[in-house]
Amino acid sequence: MNDLQREGELRSLHNWLQSNRQTRSLAAPQLGAADPPVPGAQGSAIDVLSLVLGSTFNAASLAVSLMSWRATRARRPILTVRRTDGTTVEINTDSPEEARLLLERLGPEQA
């Protein structure tokens with residue numbers, strides 16, 4: 001998958017999460033770039049979808065939303081979920097229950 005296709009998938013997932021009222025109340029999705037902008041460049045490619053999780057975060061609800069979106073894709077992409085401390089899980093399943101368990105592994109970030 002090339003950069004343009006990855007950006008398209010991220011935009012699709014962002015729109016999917018934004019259109020779901022319940023997901024929007026649990027996590028505010030934001031598109032961005034992993035690398036800082038290059039001086040003089042016209043802009044960075046979008047390669048990150050950040051979820052700012054609220055205190056009402058629910059792994060089961062987020063898992064259902066993610067699995068529902070993946071089901072709409074011809075090629076179901078692997079979703080990499082990473083906390084700011086670097087803890088990562090990859091979601092490569094069509095099971096909402098398995099995805100929920102993976103998301104729960106992340107748990108609360110340690111201070």
# chains A, B, ... in the order shown; residues from 1 in each chain; ligands from 1
call {"tool": "select_by_dssp", "arguments": {"residues": "region 26-82 of chain A", "states": "strand (DSSP E)", "output": "ChimeraX atom specification"}}
result
/A:27-32,48-53,79-82
call {"tool": "residues_around", "arguments": {"residues": "region 67-78 of chain A", "least_positions_apart": "4", "cutoff": "7 Å", "atoms": "only C-alpha atoms", "output": "PDB file with N, CA and C atoms, in the first residue's frame"}}
result
ATOM      1  N   LEU A  13     -11.178   6.031   8.054  1.00  0.00           N
ATOM      2  CA  LEU A  13     -11.382   5.659   9.451  1.00  0.00           C
ATOM      3  C   LEU A  13     -11.756   6.883  10.286  1.00  0.00           C
ATOM      4  N   TRP A  16     -15.312   7.695   9.629  1.00  0.00           N
ATOM      5  CA  TRP A  16     -16.157   6.664  10.240  1.00  0.00           C
ATOM      6  C   TRP A  16     -16.322   6.944  11.740  1.00  0.00           C
ATOM      7  N   ALA A  63     -13.696  -1.022  20.043  1.00  0.00           N
ATOM      8  CA  ALA A  63     -13.413  -2.235  19.268  1.00  0.00           C
ATOM      9  C   ALA A  63     -14.514  -2.500  18.247  1.00  0.00           C
ATOM     10  N   GLU A  90      -1.389  -4.530  17.844  1.00  0.00           N
ATOM     11  CA  GLU A  90      -1.846  -4.578  16.460  1.00  0.00           C
ATOM     12  C   GLU A  90      -3.157  -5.327  16.406  1.00  0.00           C
ATOM     13  N   ILE A  91      -4.121  -4.756  15.708  1.00  0.00           N
ATOM     14  CA  ILE A  91      -5.426  -5.384  15.549  1.00  0.00           C
ATOM     15  C   ILE A  91      -5.517  -5.903  14.117  1.00  0.00           C
ATOM     16  N   ASN A  92      -5.486  -7.222  13.992  1.00  0.00           N
ATOM     17  CA  ASN A  92      -5.578  -7.890  12.700  1.00  0.00           C
ATOM     18  C   ASN A  92      -6.584  -9.032  12.832  1.00  0.00           C
ATOM     19  N   ASP A  94     -11.087  -9.942  12.831  1.00  0.00           N
ATOM     20  CA  ASP A  94     -12.436  -9.493  12.509  1.00  0.00           C
ATOM     21  C   ASP A  94     -13.368  -9.682  13.700  1.00  0.00           C
ATOM     22  N   PRO A  96     -14.762  -8.508  17.185  1.00  0.00           N
ATOM     23  CA  PRO A  96     -14.814  -7.392  18.132  1.00  0.00           C
ATOM     24  C   PRO A  96     -14.328  -7.791  19.529  1.00  0.00           C
TER      25      PRO A  96
END
call {"tool": "atom_distance", "arguments": {"atom1": "CA of Leu102 (chain A)", "atom2": "CA of Pro36 (chain A)"}}
result
29.2 Å
call {"tool": "residues_around", "arguments": {"residues": "region 49-52 of chain A", "least_positions_apart": "5", "cutoff": "8 Å", "atoms": "only C-alpha atoms", "output": "PyMOL selection string"}}
result
chain A and resi 10+14+27-32
call {"tool": "residues_around", "arguments": {"residues": "Val81 (chain A)", "least_positions_apart": "2", "cutoff": "8 Å", "atoms": "only C-alpha atoms", "output": "VMD selection string"}}
result
chain A and resid 79 83 88 to 91 103
call {"tool": "select_by_dssp", "arguments": {"residues": "chain A", "states": "helix (DSSP H, G or I)", "output": "PyMOL selection string"}}
result
chain A and resi 3-19+21-26+59-71+96-106
call {"tool": "write_last_selection", "arguments": {"atoms": "N, CA and C atoms", "output": "compact mmCIF listing (two decimals), in the first residue's frame"}}
result
# COMPACT_ATOMS: atom_id res chain seq x y z
N ASP A 3 1.72 5.54 0.09
CA ASP A 3 1.39 6.60 1.04
C ASP A 3 0.02 7.21 0.79
N LEU A 4 -0.34 7.40 -0.46
CA LEU A 4 -1.64 7.98 -0.80
C LEU A 4 -2.78 7.06 -0.37
N GLN A 5 -2.60 5.76 -0.58
CA GLN A 5 -3.62 4.79 -0.16
C GLN A 5 -3.74 4.76 1.37
N ARG A 6 -2.59 4.78 2.07
CA ARG A 6 -2.62 4.79 3.54
C ARG A 6 -3.34 6.03 4.06
N GLU A 7 -3.04 7.17 3.44
CA GLU A 7 -3.71 8.41 3.85
C GLU A 7 -5.22 8.31 3.61
N GLY A 8 -5.61 7.73 2.48
CA GLY A 8 -7.02 7.55 2.19
C GLY A 8 -7.71 6.66 3.22
N GLU A 9 -7.03 5.59 3.64
CA GLU A 9 -7.59 4.70 4.66
C GLU A 9 -7.72 5.43 5.99
N LEU A 10 -6.71 6.21 6.36
CA LEU A 10 -6.79 6.98 7.61
C LEU A 10 -7.94 7.98 7.58
N ARG A 11 -8.10 8.65 6.44
CA ARG A 11 -9.22 9.60 6.31
C ARG A 11 -10.56 8.88 6.40
N SER A 12 -10.64 7.70 5.81
CA SER A 12 -11.87 6.91 5.88
C SER A 12 -12.19 6.53 7.32
N LEU A 13 -11.18 6.03 8.05
CA LEU A 13 -11.38 5.66 9.45
C LEU A 13 -11.76 6.88 10.29
N HIS A 14 -11.09 8.00 10.05
CA HIS A 14 -11.40 9.24 10.77
C HIS A 14 -12.86 9.63 10.55
N ASN A 15 -13.31 9.62 9.30
CA ASN A 15 -14.69 9.96 8.98
C ASN A 15 -15.66 8.98 9.64
N TRP A 16 -15.31 7.70 9.63
CA TRP A 16 -16.16 6.66 10.24
C TRP A 16 -16.32 6.94 11.74
N LEU A 17 -15.20 7.21 12.41
CA LEU A 17 -15.26 7.48 13.85
C LEU A 17 -16.01 8.78 14.15
N GLN A 18 -15.81 9.79 13.30
CA GLN A 18 -16.50 11.07 13.49
C GLN A 18 -18.01 10.93 13.30
N SER A 19 -18.42 10.05 12.40
CA SER A 19 -19.84 9.93 12.10
C SER A 19 -20.60 9.12 13.15
N ARG A 21 -21.78 8.77 16.75
CA ARG A 21 -21.97 9.63 17.93
C ARG A 21 -21.35 9.02 19.18
N GLN A 22 -21.53 7.71 19.38
CA GLN A 22 -21.00 7.07 20.58
C GLN A 22 -19.48 7.09 20.59
N THR A 23 -18.87 6.78 19.47
CA THR A 23 -17.41 6.79 19.40
C THR A 23 -16.87 8.20 19.61
N ARG A 24 -17.53 9.19 19.01
CA ARG A 24 -17.12 10.58 19.18
C ARG A 24 -17.12 10.98 20.65
N SER A 25 -18.07 10.44 21.44
CA SER A 25 -18.13 10.80 22.85
C SER A 25 -17.04 10.10 23.67
N LEU A 26 -16.48 9.01 23.16
CA LEU A 26 -15.45 8.26 23.87
C LEU A 26 -14.04 8.70 23.50
N ALA A 59 -13.31 0.25 25.89
CA ALA A 59 -12.59 -0.55 24.90
C ALA A 59 -13.55 -1.35 24.03
N ALA A 60 -14.64 -1.85 24.60
CA ALA A 60 -15.59 -2.65 23.83
C ALA A 60 -16.25 -1.81 22.74
N SER A 61 -16.67 -0.60 23.07
CA SER A 61 -17.32 0.27 22.07
C SER A 61 -16.35 0.66 20.97
N LEU A 62 -15.11 0.99 21.35
CA LEU A 62 -14.13 1.35 20.33
C LEU A 62 -13.81 0.15 19.45
N ALA A 63 -13.70 -1.02 20.04
CA ALA A 63 -13.41 -2.24 19.27
C ALA A 63 -14.51 -2.50 18.25
N VAL A 64 -15.77 -2.36 18.65
CA VAL A 64 -16.89 -2.57 17.72
C VAL A 64 -16.81 -1.57 16.56
N SER A 65 -16.51 -0.31 16.86
CA SER A 65 -16.39 0.71 15.81
C SER A 65 -15.26 0.37 14.85
N LEU A 66 -14.12 -0.01 15.39
CA LEU A 66 -12.97 -0.33 14.54
C LEU A 66 -13.25 -1.56 13.67
N MET A 67 -13.87 -2.57 14.25
CA MET A 67 -14.17 -3.78 13.49
C MET A 67 -15.25 -3.51 12.44
N SER A 68 -16.20 -2.66 12.75
CA SER A 68 -17.23 -2.30 11.78
C SER A 68 -16.60 -1.59 10.58
N TRP A 69 -15.67 -0.68 10.85
CA TRP A 69 -14.99 0.02 9.76
C TRP A 69 -14.16 -0.96 8.94
N ARG A 70 -13.38 -1.83 9.61
CA ARG A 70 -12.55 -2.80 8.88
C ARG A 70 -13.39 -3.67 7.96
N ALA A 71 -14.62 -3.99 8.38
CA ALA A 71 -15.49 -4.84 7.57
C ALA A 71 -15.91 -4.17 6.26
N PRO A 96 -14.76 -8.51 17.18
CA PRO A 96 -14.81 -7.39 18.13
C PRO A 96 -14.33 -7.79 19.53
N GLU A 97 -14.60 -9.03 19.94
CA GLU A 97 -14.17 -9.48 21.27
C GLU A 97 -12.64 -9.55 21.35
N GLU A 98 -11.99 -10.09 20.32
CA GLU A 98 -10.53 -10.14 20.31
C GLU A 98 -9.96 -8.73 20.28
N ALA A 99 -10.56 -7.85 19.49
CA ALA A 99 -10.09 -6.46 19.43
C ALA A 99 -10.25 -5.79 20.78
N ARG A 100 -11.36 -6.03 21.47
CA ARG A 100 -11.56 -5.45 22.81
C ARG A 100 -10.47 -5.92 23.75
N LEU A 101 -10.15 -7.22 23.73
CA LEU A 101 -9.10 -7.74 24.60
C LEU A 101 -7.76 -7.08 24.29
N LEU A 102 -7.47 -6.89 23.00
CA LEU A 102 -6.23 -6.22 22.63
C LEU A 102 -6.20 -4.78 23.15
N LEU A 103 -7.30 -4.06 22.99
CA LEU A 103 -7.35 -2.68 23.45
C LEU A 103 -7.25 -2.61 24.97
N GLU A 104 -7.85 -3.57 25.67
CA GLU A 104 -7.76 -3.58 27.14
C GLU A 104 -6.34 -3.85 27.62
N ARG A 105 -5.51 -4.53 26.81
CA ARG A 105 -4.12 -4.76 27.16
C ARG A 105 -3.36 -3.45 27.34
N LEU A 106 -3.81 -2.44 26.60
CA LEU A 106 -3.14 -1.14 26.72
C LEU A 106 -3.34 -0.56 28.12
call {"tool": "residues_around", "arguments": {"residues": "Asp35 (chain A)", "least_positions_apart": "5", "cutoff": "10 Å", "atoms": "only C-alpha atoms", "output": "number ranges by chain"}}
result
A: 44-48
